[in-house]
file upload-v4.cif (mmCIF, C-alpha atoms)
data_target
loop_
_atom_site.group_PDB
_atom_site.id
_atom_site.type_symbol
_atom_site.label_atom_id
_atom_site.label_comp_id
_atom_site.auth_asym_id
_atom_site.auth_seq_id
_atom_site.Cartn_x
_atom_site.Cartn_y
_atom_site.Cartn_z
ATOM 1 C CA MET K 1 12.585 -33.708 39.786
ATOM 2 C CA ARG K 2 9.317 -31.898 40.314
ATOM 3 C CA CYS K 3 11.137 -28.606 40.753
ATOM 4 C CA ARG K 4 12.998 -29.096 37.503
ATOM 5 C CA THR K 5 9.747 -29.830 35.651
ATOM 6 C CA GLN K 6 8.154 -26.675 36.999
ATOM 7 C CA THR K 7 11.179 -24.642 35.894
ATOM 8 C CA VAL K 8 11.027 -26.024 32.353
ATOM 9 C CA SER K 9 7.287 -25.313 32.209
ATOM 10 C CA ALA K 10 7.856 -21.767 33.347
ATOM 11 C CA ILE K 11 10.509 -21.232 30.686
ATOM 12 C CA VAL K 12 8.186 -22.589 27.982
ATOM 13 C CA PHE K 13 5.373 -20.323 29.190
ATOM 14 C CA VAL K 14 7.643 -17.278 29.105
ATOM 15 C CA LEU K 15 8.822 -18.109 25.586
ATOM 16 C CA LEU K 16 5.258 -18.589 24.359
ATOM 17 C CA PHE K 17 4.168 -15.331 25.982
ATOM 18 C CA ALA K 18 7.089 -13.479 24.414
ATOM 19 C CA SER K 19 6.350 -14.877 20.953
ATOM 20 C CA VAL K 20 2.690 -13.872 21.191
ATOM 21 C CA ALA K 21 3.637 -10.395 22.369
ATOM 22 C CA PHE K 22 6.142 -10.044 19.529
ATOM 23 C CA ALA K 23 3.545 -11.172 16.976
ATOM 24 C CA GLN K 24 1.073 -8.618 18.299
ATOM 25 C CA GLN K 25 3.661 -5.849 18.065
ATOM 26 C CA THR K 26 4.679 -6.740 14.536
ATOM 27 C CA LYS K 27 1.129 -7.257 13.301
ATOM 28 C CA LYS K 28 0.272 -4.522 10.837
ATOM 29 C CA ALA K 29 -2.370 -2.057 11.917
ATOM 30 C CA PRO K 30 -5.448 -1.822 9.683
ATOM 31 C CA LYS K 31 -4.748 0.423 6.729
ATOM 32 C CA LYS K 32 -6.488 3.753 7.079
ATOM 33 C CA PRO K 33 -8.309 5.113 4.039
ATOM 34 C CA ALA K 34 -6.566 7.932 2.248
ATOM 35 C CA PRO K 35 -7.856 11.408 3.120
ATOM 36 C CA PHE K 36 -10.541 12.641 0.764
ATOM 37 C CA ASN K 37 -9.685 15.157 -1.954
ATOM 38 C CA TRP K 38 -11.855 16.425 -4.785
ATOM 39 C CA VAL K 39 -8.780 16.481 -7.043
ATOM 40 C CA ASN K 40 -6.242 13.643 -7.075
ATOM 41 C CA LYS K 41 -3.088 13.121 -9.117
ATOM 42 C CA LEU K 42 -2.784 10.269 -11.560
ATOM 43 C CA PRO K 43 -0.632 7.458 -10.146
ATOM 44 C CA LYS K 44 2.736 6.913 -11.813
ATOM 45 C CA ASN K 45 1.637 3.565 -13.220
ATOM 46 C CA ALA K 46 -1.508 4.967 -14.859
ATOM 47 C CA SER K 47 -2.073 4.121 -18.509
ATOM 48 C CA LYS K 48 -0.744 6.786 -20.853
ATOM 49 C CA ALA K 49 -4.092 6.633 -22.621
ATOM 50 C CA ILE K 50 -5.880 8.110 -19.615
ATOM 51 C CA GLN K 51 -6.123 11.866 -19.187
ATOM 52 C CA HIS K 52 -6.837 13.850 -16.044
ATOM 53 C CA ALA K 53 -8.789 17.100 -15.924
ATOM 54 C CA THR K 54 -10.979 19.179 -13.616
ATOM 55 C CA PHE K 55 -14.201 21.143 -13.760
ATOM 56 C CA HIS K 56 -15.816 23.597 -11.372
ATOM 57 C CA SER K 57 -18.630 22.148 -9.287
ATOM 58 C CA ASP K 58 -21.123 24.813 -8.297
ATOM 59 C CA ALA K 59 -22.782 22.377 -5.882
ATOM 60 C CA ASN K 60 -19.516 21.949 -3.982
ATOM 61 C CA ASP K 61 -17.971 25.338 -4.815
ATOM 62 C CA THR K 62 -14.670 23.760 -5.770
ATOM 63 C CA GLU K 63 -12.720 22.154 -8.583
ATOM 64 C CA VAL K 64 -13.444 18.453 -9.026
ATOM 65 C CA GLY K 65 -11.203 15.979 -10.817
ATOM 66 C CA TYR K 66 -12.121 13.340 -13.375
ATOM 67 C CA CYS K 67 -10.255 10.939 -15.619
ATOM 68 C CA ILE K 68 -11.156 10.357 -19.237
ATOM 69 C CA LEU K 69 -10.265 7.834 -21.916
ATOM 70 C CA LEU K 70 -10.689 9.239 -25.417
ATOM 71 C CA PRO K 71 -10.978 6.717 -28.231
ATOM 72 C CA PRO K 72 -8.188 6.054 -30.732
ATOM 73 C CA GLY K 73 -8.278 8.637 -33.501
ATOM 74 C CA TYR K 74 -10.219 11.205 -31.476
ATOM 75 C CA SER K 75 -7.583 13.898 -32.094
ATOM 76 C CA GLN K 76 -7.120 13.171 -35.790
ATOM 77 C CA LYS K 77 -8.366 15.939 -38.053
ATOM 78 C CA LYS K 78 -10.291 13.522 -40.245
ATOM 79 C CA ASN K 79 -12.489 12.757 -37.236
ATOM 80 C CA ASP K 80 -13.230 16.380 -36.324
ATOM 81 C CA ASP K 81 -16.926 15.921 -37.033
ATOM 82 C CA GLN K 82 -17.162 12.550 -35.287
ATOM 83 C CA ARG K 83 -19.234 12.351 -32.094
ATOM 84 C CA TYR K 84 -18.973 9.501 -29.624
ATOM 85 C CA PRO K 85 -21.143 7.725 -27.061
ATOM 86 C CA VAL K 86 -19.975 7.975 -23.453
ATOM 87 C CA VAL K 87 -19.784 5.414 -20.654
ATOM 88 C CA TYR K 88 -19.542 6.810 -17.122
ATOM 89 C CA TRP K 89 -17.649 4.328 -14.912
ATOM 90 C CA LEU K 90 -18.361 4.765 -11.187
ATOM 91 C CA HIS K 91 -15.572 3.663 -8.840
ATOM 92 C CA GLY K 92 -15.878 1.461 -5.778
ATOM 93 C CA GLY K 93 -14.779 2.144 -2.228
ATOM 94 C CA ARG K 94 -15.049 5.107 0.118
ATOM 95 C CA PRO K 95 -13.949 7.873 0.103
ATOM 96 C CA GLY K 96 -14.118 8.748 -3.575
ATOM 97 C CA SER K 97 -11.337 9.482 -6.039
ATOM 98 C CA GLU K 98 -11.332 9.847 -9.804
ATOM 99 C CA THR K 99 -8.228 7.663 -9.982
ATOM 100 C CA LYS K 100 -9.943 4.606 -8.503
ATOM 101 C CA ASN K 101 -10.704 1.887 -11.046
ATOM 102 C CA ILE K 102 -8.878 3.621 -13.924
ATOM 103 C CA SER K 103 -7.004 0.331 -14.237
ATOM 104 C CA MET K 104 -10.091 -0.869 -16.131
ATOM 105 C CA VAL K 105 -8.679 1.038 -19.094
ATOM 106 C CA LYS K 106 -6.401 -1.936 -19.798
ATOM 107 C CA TYR K 107 -9.494 -3.906 -20.844
ATOM 108 C CA ILE K 108 -11.300 -1.100 -22.650
ATOM 109 C CA GLU K 109 -8.589 0.570 -24.742
ATOM 110 C CA PRO K 110 -7.348 -2.632 -26.472
ATOM 111 C CA ALA K 111 -10.922 -3.550 -27.370
ATOM 112 C CA MET K 112 -11.262 -0.238 -29.231
ATOM 113 C CA LYS K 113 -7.807 -0.477 -30.802
ATOM 114 C CA ASP K 114 -8.597 -3.952 -32.108
ATOM 115 C CA ALA K 115 -12.022 -2.774 -33.367
ATOM 116 C CA LYS K 116 -13.827 -5.273 -31.150
ATOM 117 C CA ILE K 117 -16.028 -2.377 -30.083
ATOM 118 C CA PRO K 118 -16.601 0.994 -31.753
ATOM 119 C CA PRO K 119 -14.786 4.104 -30.499
ATOM 120 C CA MET K 120 -16.344 5.398 -27.288
ATOM 121 C CA ILE K 121 -15.439 7.817 -24.516
ATOM 122 C CA TYR K 122 -15.039 6.490 -20.973
ATOM 123 C CA VAL K 123 -15.236 8.881 -18.021
ATOM 124 C CA PHE K 124 -14.170 8.093 -14.441
ATOM 125 C CA PRO K 125 -15.782 10.525 -11.954
ATOM 126 C CA ASN K 126 -14.849 11.385 -8.384
ATOM 127 C CA GLY K 127 -17.808 10.132 -6.330
ATOM 128 C CA GLY K 128 -17.333 12.468 -3.370
ATOM 129 C CA LYS K 129 -16.427 11.688 0.241
ATOM 130 C CA LEU K 130 -19.343 9.253 0.669
ATOM 131 C CA SER K 131 -19.016 7.721 -2.764
ATOM 132 C CA HIS K 132 -21.829 8.637 -5.169
ATOM 133 C CA TYR K 133 -24.052 10.178 -2.496
ATOM 134 C CA ASP K 134 -24.901 13.739 -1.562
ATOM 135 C CA HIS K 135 -23.924 13.664 2.105
ATOM 136 C CA ALA K 136 -23.287 16.582 4.451
ATOM 137 C CA GLU K 137 -21.251 19.214 2.576
ATOM 138 C CA PHE K 138 -19.875 16.703 0.054
ATOM 139 C CA LYS K 139 -22.283 16.396 -2.848
ATOM 140 C CA GLY K 140 -21.040 13.518 -4.965
ATOM 141 C CA GLU K 141 -24.266 12.929 -6.833
ATOM 142 C CA GLN K 142 -24.673 16.580 -7.787
ATOM 143 C CA ALA K 143 -21.038 16.724 -8.882
ATOM 144 C CA PHE K 144 -21.700 13.758 -11.161
ATOM 145 C CA LEU K 145 -24.660 15.477 -12.802
ATOM 146 C CA GLU K 146 -22.562 18.621 -13.297
ATOM 147 C CA LEU K 147 -19.774 16.491 -14.752
ATOM 148 C CA ILE K 148 -22.121 15.111 -17.430
ATOM 149 C CA ASN K 149 -22.899 18.662 -18.560
ATOM 150 C CA HIS K 150 -19.188 19.527 -18.525
ATOM 151 C CA ILE K 151 -18.266 16.477 -20.615
ATOM 152 C CA ASP K 152 -20.942 17.264 -23.198
ATOM 153 C CA ALA K 153 -19.761 20.883 -23.397
ATOM 154 C CA THR K 154 -16.044 20.004 -23.599
ATOM 155 C CA TYR K 155 -15.792 16.870 -25.746
ATOM 156 C CA ARG K 156 -17.436 15.610 -28.932
ATOM 157 C CA THR K 157 -20.068 13.496 -27.284
ATOM 158 C CA ILE K 158 -23.499 12.366 -28.366
ATOM 159 C CA ALA K 159 -25.138 14.668 -25.844
ATOM 160 C CA ASP K 160 -28.312 12.667 -25.384
ATOM 161 C CA ARG K 161 -29.441 9.612 -23.409
ATOM 162 C CA LYS K 162 -29.123 7.543 -26.586
ATOM 163 C CA GLY K 163 -25.366 8.102 -26.355
ATOM 164 C CA ARG K 164 -24.862 7.710 -22.588
ATOM 165 C CA ALA K 165 -24.296 4.658 -20.397
ATOM 166 C CA ILE K 166 -23.514 4.221 -16.711
ATOM 167 C CA GLU K 167 -21.501 1.427 -15.136
ATOM 168 C CA GLY K 168 -19.881 0.794 -11.775
ATOM 169 C CA PHE K 169 -18.565 -1.819 -9.395
ATOM 170 C CA SER K 170 -19.152 -2.337 -5.655
ATOM 171 C CA GLN K 171 -20.007 1.135 -4.245
ATOM 172 C CA GLY K 172 -20.082 2.190 -7.900
ATOM 173 C CA GLY K 173 -22.505 -0.662 -8.605
ATOM 174 C CA ARG K 174 -24.768 0.712 -5.917
ATOM 175 C CA GLY K 175 -24.383 4.219 -7.343
ATOM 176 C CA ALA K 176 -25.123 3.075 -10.890
ATOM 177 C CA GLY K 177 -28.178 1.197 -9.608
ATOM 178 C CA ARG K 178 -29.534 4.335 -7.945
ATOM 179 C CA ASP K 179 -28.713 6.750 -10.750
ATOM 180 C CA MET K 180 -30.173 4.600 -13.531
ATOM 181 C CA PHE K 181 -33.557 4.614 -11.796
ATOM 182 C CA LYS K 182 -33.405 8.259 -10.678
ATOM 183 C CA TYR K 183 -32.269 9.621 -14.050
ATOM 184 C CA PRO K 184 -33.462 7.252 -16.809
ATOM 185 C CA GLU K 185 -33.738 10.297 -19.063
ATOM 186 C CA LEU K 186 -29.922 10.559 -18.971
ATOM 187 C CA PHE K 187 -28.912 6.980 -19.825
ATOM 188 C CA CYS K 188 -29.966 4.263 -22.246
ATOM 189 C CA SER K 189 -27.690 1.595 -20.787
ATOM 190 C CA ALA K 190 -26.692 0.629 -17.245
ATOM 191 C CA ALA K 191 -24.375 -2.018 -15.806
ATOM 192 C CA PRO K 192 -24.392 -2.084 -11.988
ATOM 193 C CA LEU K 193 -21.788 -4.729 -11.101
ATOM 194 C CA GLY K 194 -21.027 -6.392 -7.763
ATOM 195 C CA GLY K 195 -23.071 -3.868 -5.796
ATOM 196 C CA GLY K 196 -23.789 -4.280 -2.080
ATOM 197 C CA HIS K 197 -27.568 -4.111 -2.394
ATOM 198 C CA GLN K 198 -28.022 -5.621 1.064
ATOM 199 C CA HIS K 199 -26.923 -2.232 2.389
ATOM 200 C CA GLU K 200 -29.370 -0.497 0.070
ATOM 201 C CA LYS K 201 -32.159 -2.747 1.387
ATOM 202 C CA ARG K 202 -31.168 -1.958 4.977
ATOM 203 C CA ILE K 203 -31.442 1.757 4.173
ATOM 204 C CA SER K 204 -34.929 1.117 2.793
ATOM 205 C CA GLU K 205 -36.068 -0.869 5.823
ATOM 206 C CA SER K 206 -34.373 1.204 8.548
ATOM 207 C CA GLU K 207 -35.496 4.747 7.786
ATOM 208 C CA GLY K 208 -32.233 5.535 6.027
ATOM 209 C CA ALA K 209 -29.825 3.887 8.494
ATOM 210 C CA GLU K 210 -27.083 2.103 6.572
ATOM 211 C CA SER K 211 -25.284 1.427 9.867
ATOM 212 C CA ASN K 212 -25.222 2.703 13.444
ATOM 213 C CA ASN K 213 -22.949 5.529 12.299
ATOM 214 C CA LEU K 214 -24.432 6.470 8.938
ATOM 215 C CA THR K 215 -27.910 7.545 7.905
ATOM 216 C CA ILE K 216 -28.812 8.267 4.301
ATOM 217 C CA SER K 217 -31.209 11.099 3.565
ATOM 218 C CA PRO K 218 -33.743 10.881 2.051
ATOM 219 C CA PRO K 219 -34.270 7.253 3.159
ATOM 220 C CA TRP K 220 -35.834 6.263 -0.180
ATOM 221 C CA ASN K 221 -32.527 7.005 -1.920
ATOM 222 C CA ASN K 222 -31.675 3.330 -2.372
ATOM 223 C CA THR K 223 -31.765 0.756 -5.158
ATOM 224 C CA TRP K 224 -34.865 -0.962 -3.762
ATOM 225 C CA ASP K 225 -37.216 2.006 -3.357
ATOM 226 C CA LEU K 226 -35.920 3.741 -6.480
ATOM 227 C CA ALA K 227 -36.686 0.628 -8.565
ATOM 228 C CA LYS K 228 -40.317 0.905 -7.462
ATOM 229 C CA LYS K 229 -40.378 4.654 -8.065
ATOM 230 C CA TYR K 230 -39.032 4.039 -11.574
ATOM 231 C CA THR K 231 -41.937 1.724 -12.405
ATOM 232 C CA GLU K 232 -44.369 4.370 -11.139
ATOM 233 C CA LYS K 233 -42.976 7.111 -13.382
ATOM 234 C CA LYS K 234 -45.244 7.970 -16.276
ATOM 235 C CA ASN K 235 -43.580 7.387 -19.640
ATOM 236 C CA ALA K 236 -40.221 6.574 -18.039
ATOM 237 C CA PRO K 237 -37.677 5.755 -20.777
ATOM 238 C CA LYS K 238 -36.836 2.083 -20.973
ATOM 239 C CA LEU K 239 -33.398 1.109 -19.736
ATOM 240 C CA ARG K 240 -31.241 -1.769 -20.854
ATOM 241 C CA ILE K 241 -29.818 -3.153 -17.600
ATOM 242 C CA LEU K 242 -27.033 -5.652 -17.006
ATOM 243 C CA VAL K 243 -26.445 -6.872 -13.445
ATOM 244 C CA ALA K 244 -23.431 -9.118 -12.831
ATOM 245 C CA VAL K 245 -21.850 -10.667 -9.755
ATOM 246 C CA GLY K 246 -19.339 -13.427 -8.983
ATOM 247 C CA THR K 247 -20.303 -16.574 -7.113
ATOM 248 C CA GLU K 248 -17.490 -15.969 -4.591
ATOM 249 C CA ASP K 249 -18.422 -12.316 -4.108
ATOM 250 C CA PHE K 250 -19.656 -11.439 -0.606
ATOM 251 C CA ASN K 251 -22.438 -9.500 -2.393
ATOM 252 C CA PHE K 252 -23.581 -12.557 -4.362
ATOM 253 C CA GLU K 253 -26.810 -13.315 -2.463
ATOM 254 C CA ALA K 254 -27.694 -9.611 -2.278
ATOM 255 C CA ASN K 255 -27.538 -9.310 -6.077
ATOM 256 C CA GLN K 256 -29.704 -12.409 -6.471
ATOM 257 C CA GLU K 257 -32.274 -10.896 -4.127
ATOM 258 C CA TRP K 258 -32.167 -7.509 -5.870
ATOM 259 C CA SER K 259 -32.634 -9.185 -9.255
ATOM 260 C CA LYS K 260 -35.717 -10.982 -7.889
ATOM 261 C CA HIS K 261 -36.982 -7.644 -6.577
ATOM 262 C CA MET K 262 -36.655 -6.043 -10.015
ATOM 263 C CA LYS K 263 -38.347 -9.025 -11.662
ATOM 264 C CA SER K 264 -41.258 -8.717 -9.219
ATOM 265 C CA LEU K 265 -41.660 -5.107 -10.365
ATOM 266 C CA GLY K 266 -41.569 -6.099 -14.036
ATOM 267 C CA ILE K 267 -38.190 -4.446 -14.663
ATOM 268 C CA ASP K 268 -36.516 -6.264 -17.522
ATOM 269 C CA HIS K 269 -32.801 -6.877 -17.021
ATOM 270 C CA GLU K 270 -30.043 -9.352 -17.708
ATOM 271 C CA PHE K 271 -28.551 -11.052 -14.651
ATOM 272 C CA VAL K 272 -25.145 -12.655 -15.165
ATOM 273 C CA ILE K 273 -23.656 -14.938 -12.514
ATOM 274 C CA VAL K 274 -19.892 -15.244 -13.010
ATOM 275 C CA PRO K 275 -18.531 -18.542 -11.655
ATOM 276 C CA ASP K 276 -15.616 -18.698 -9.242
ATOM 277 C CA ILE K 277 -14.718 -15.014 -8.981
ATOM 278 C CA PRO K 278 -14.519 -12.925 -5.791
ATOM 279 C CA HIS K 279 -15.329 -9.262 -5.291
ATOM 280 C CA SER K 280 -13.085 -7.934 -8.063
ATOM 281 C CA SER K 281 -13.909 -5.765 -11.064
ATOM 282 C CA GLN K 282 -10.725 -6.901 -12.814
ATOM 283 C CA LYS K 283 -11.454 -10.611 -12.385
ATOM 284 C CA MET K 284 -14.989 -9.976 -13.597
ATOM 285 C CA TYR K 285 -13.666 -8.256 -16.721
ATOM 286 C CA GLU K 286 -11.224 -11.081 -17.311
ATOM 287 C CA LYS K 287 -14.203 -13.444 -17.436
ATOM 288 C CA ILE K 288 -16.990 -11.385 -19.041
ATOM 289 C CA GLY K 289 -15.411 -8.067 -20.031
ATOM 290 C CA ASP K 290 -16.242 -8.501 -23.707
ATOM 291 C CA HIS K 291 -19.857 -9.159 -22.811
ATOM 292 C CA ILE K 292 -20.085 -6.014 -20.662
ATOM 293 C CA LEU K 293 -18.453 -3.840 -23.311
ATOM 294 C CA ASN K 294 -20.713 -5.165 -26.038
ATOM 295 C CA PHE K 295 -23.788 -4.790 -23.853
ATOM 296 C CA HIS K 296 -23.331 -1.013 -23.988
ATOM 297 C CA VAL K 297 -22.538 -1.167 -27.707
ATOM 298 C CA GLU K 298 -25.821 -2.958 -28.349
ATOM 299 C CA SER K 299 -27.656 -0.417 -26.184
ATOM 300 C CA PHE K 300 -26.187 2.442 -28.208
ATOM 301 C CA ARG K 301 -27.038 0.631 -31.414
ATOM 302 C CA GLN K 302 -30.651 0.086 -30.397
ATOM 303 C CA SER K 303 -31.027 3.675 -29.201
ATOM 304 C CA GLY K 304 -29.453 5.169 -32.322
ATOM 305 C CA GLY K 305 -26.455 6.476 -30.382
ATOM 306 C CA LEU K 306 -23.830 4.960 -32.638
ATOM 307 C CA SER K 307 -23.089 7.572 -35.268
ATOM 308 C CA ARG K 308 -21.596 4.991 -37.596
ATOM 309 C CA PRO K 309 -21.168 1.216 -37.562
ATOM 310 C CA ILE K 310 -17.802 -0.390 -36.843
#
call {"tool": "encode", "arguments": {"input": "upload-v4.cif", "output": "structure tokens"}}
result
Amino acid sequence: MRCRTQTVSAIVFVLLFASVAFAQQTKKAPKKPAPFNWVNKLPKNASKAIQHATFHSDANDTEVGYCILLPPGYSQKKNDDQRYPVVYWLHGGRPGSETKNISMVKYIEPAMKDAKIPPMIYVFPNGGKLSHYDHAEFKGEQAFLELINHIDATYRTIADRKGRAIEGFSQGGRGAGRDMFKYPELFCSAAPLGGGHQHEKRISESEGAESNNLTISPPWNNTWDLAKKYTEKKNAPKLRILVAVGTEDFNFEANQEWSKHMKSLGIDHEFVIVPDIPHSSQKMYEKIGDHILNFHVESFRQSGGLSRPI
């Protein structure tokens, strides 16, 4: 009887071992990020309203792609003399691609078509290999500055800070947070959303080390130190700032802490906590998209960047 019991136990063990081994073999390997390219094709499911184009980046000595949403009526002859404010929407994730986050168009275009917001131009840059940073030979930040000049030279923009806003989510929220403080002369409105400011703080406190494998140079190029530098600038233009994060976002506490940091420096801003949403730009827009869109509208209105009322 004992022998039979041992045999059954052995069979069960073998079956369990085989099932575990099979599960390990069939388990999907972690998805590798797509290789970085400065120019990327529009996906087949992209909105027909979005256009893709390139410009030459002197800083990177190559063509760089961007996506652009022109407002309804932009191409109509009756609007030939009409100029429009521009919102630059910085994508999340690494490496960069101009096609990331263009799905946000599905919230923006209908709002313009339905006259909920005035006609505006939205631009989606390629943030470079290390999104929205100048790092090694990939200069994402410099490409962004060059892109602004290209957009103003190519399209009927209000080519002034009173007609420019910056927005972004996740890595793009970090990028928007840095750029708004570094270049307040370029933007009147900024909406850094869902940014991982705990990483920015680590860079500040660790001589530029974001992780064991990545060091940012210069080390003060982070949303904590740049906030302080902004307050120390003489006659720095005032920014309208909207920070938003979901309560289920893994960056929730970091945004709370960053907001407290800005308050301690006397930087006026609106901090919106969005209940019950995770780390998702689309879920955020489903909850407070109208508020974000109209935040920029009000910024343009206050700055004088709206050429005519809606």
call {"tool": "closest_residue", "arguments": {"input": "upload-v4.cif", "among": "K:Lys260, K:Arg202, K:Arg240, K:Arg174", "to": "K:Thr223", "atoms": "all atoms listed in the file"}}
result
K:Arg174
call {"tool": "residues_around", "arguments": {"input": "upload-v4.cif", "residues": "K:Pro118", "least_positions_apart": "2", "cutoff": "12 Å", "atoms": "all atoms listed in the file", "output": "VMD selection string"}}
result
chain K and resid 70 to 73 83 to 86 108 to 116 120 to 121 293 to 294 296 to 298 300 to 301 305 to 310
call {"tool": "resolve_selection", "arguments": {"input": "upload-v4.cif", "expression": "the PyMOL selection byres ((chain K and resi 97) around 12)", "output": "number ranges by chain"}}
result
K: 33-43, 52, 64-67, 90-96, 98-102, 124-132, 140, 172
call {"tool": "closest_residue", "arguments": {"input": "upload-v4.cif", "among": "K:Ser47, K:Lys182, K:Leu145, K:Ser204", "to": "K:Lys106", "atoms": "only C-alpha atoms"}}
result
K:Ser47
call {"tool": "residues_around", "arguments": {"input": "upload-v4.cif", "residues": "K:Met180", "least_positions_apart": "6", "cutoff": "8 Å", "atoms": "only C-alpha atoms", "output": "JSON, numbers by chain"}}
result
{"K": [166, 187, 190, 239]}
call {"tool": "closest_residue", "arguments": {"input": "upload-v4.cif", "among": "K:Glu232, K:Glu253, K:Glu200, K:Asp152", "to": "K:Gly266", "atoms": "only C-alpha atoms"}}
result
K:Glu232
call {"tool": "atom_distance", "arguments": {"input": "upload-v4.cif", "atom1": "atom CA of K:Asn60", "atom2": "atom CA of K:Asp225"}}
result
26.7 Å
call {"tool": "atom_distance", "arguments": {"input": "upload-v4.cif", "atom1": "atom CA of K:Gln302", "atom2": "atom CA of K:Cys188"}}
result
9.2 Å
call {"tool": "resolve_selection", "arguments": {"input": "upload-v4.cif", "expression": "the PyMOL selection byres ((chain K and resi 282-287) around 12)", "output": "PyMOL selection string"}}
result
chain K and resi 101-108+111+168-170+193-194+243-249+272-281+288-293
call {"tool": "closest_residue", "arguments": {"input": "upload-v4.cif", "among": "K:Val123, K:Tyr230, K:Glu146, K:Gly175", "to": "K:Gln51", "atoms": "only C-alpha atoms"}}
result
K:Val123
call {"tool": "residues_around", "arguments": {"input": "upload-v4.cif", "residues": "stretch 210-213 of chain K", "least_positions_apart": "6", "cutoff": "12 Å", "atoms": "only C-alpha atoms", "output": "MDAnalysis selection string"}}
result
chainID K and resid 196:204 219:222
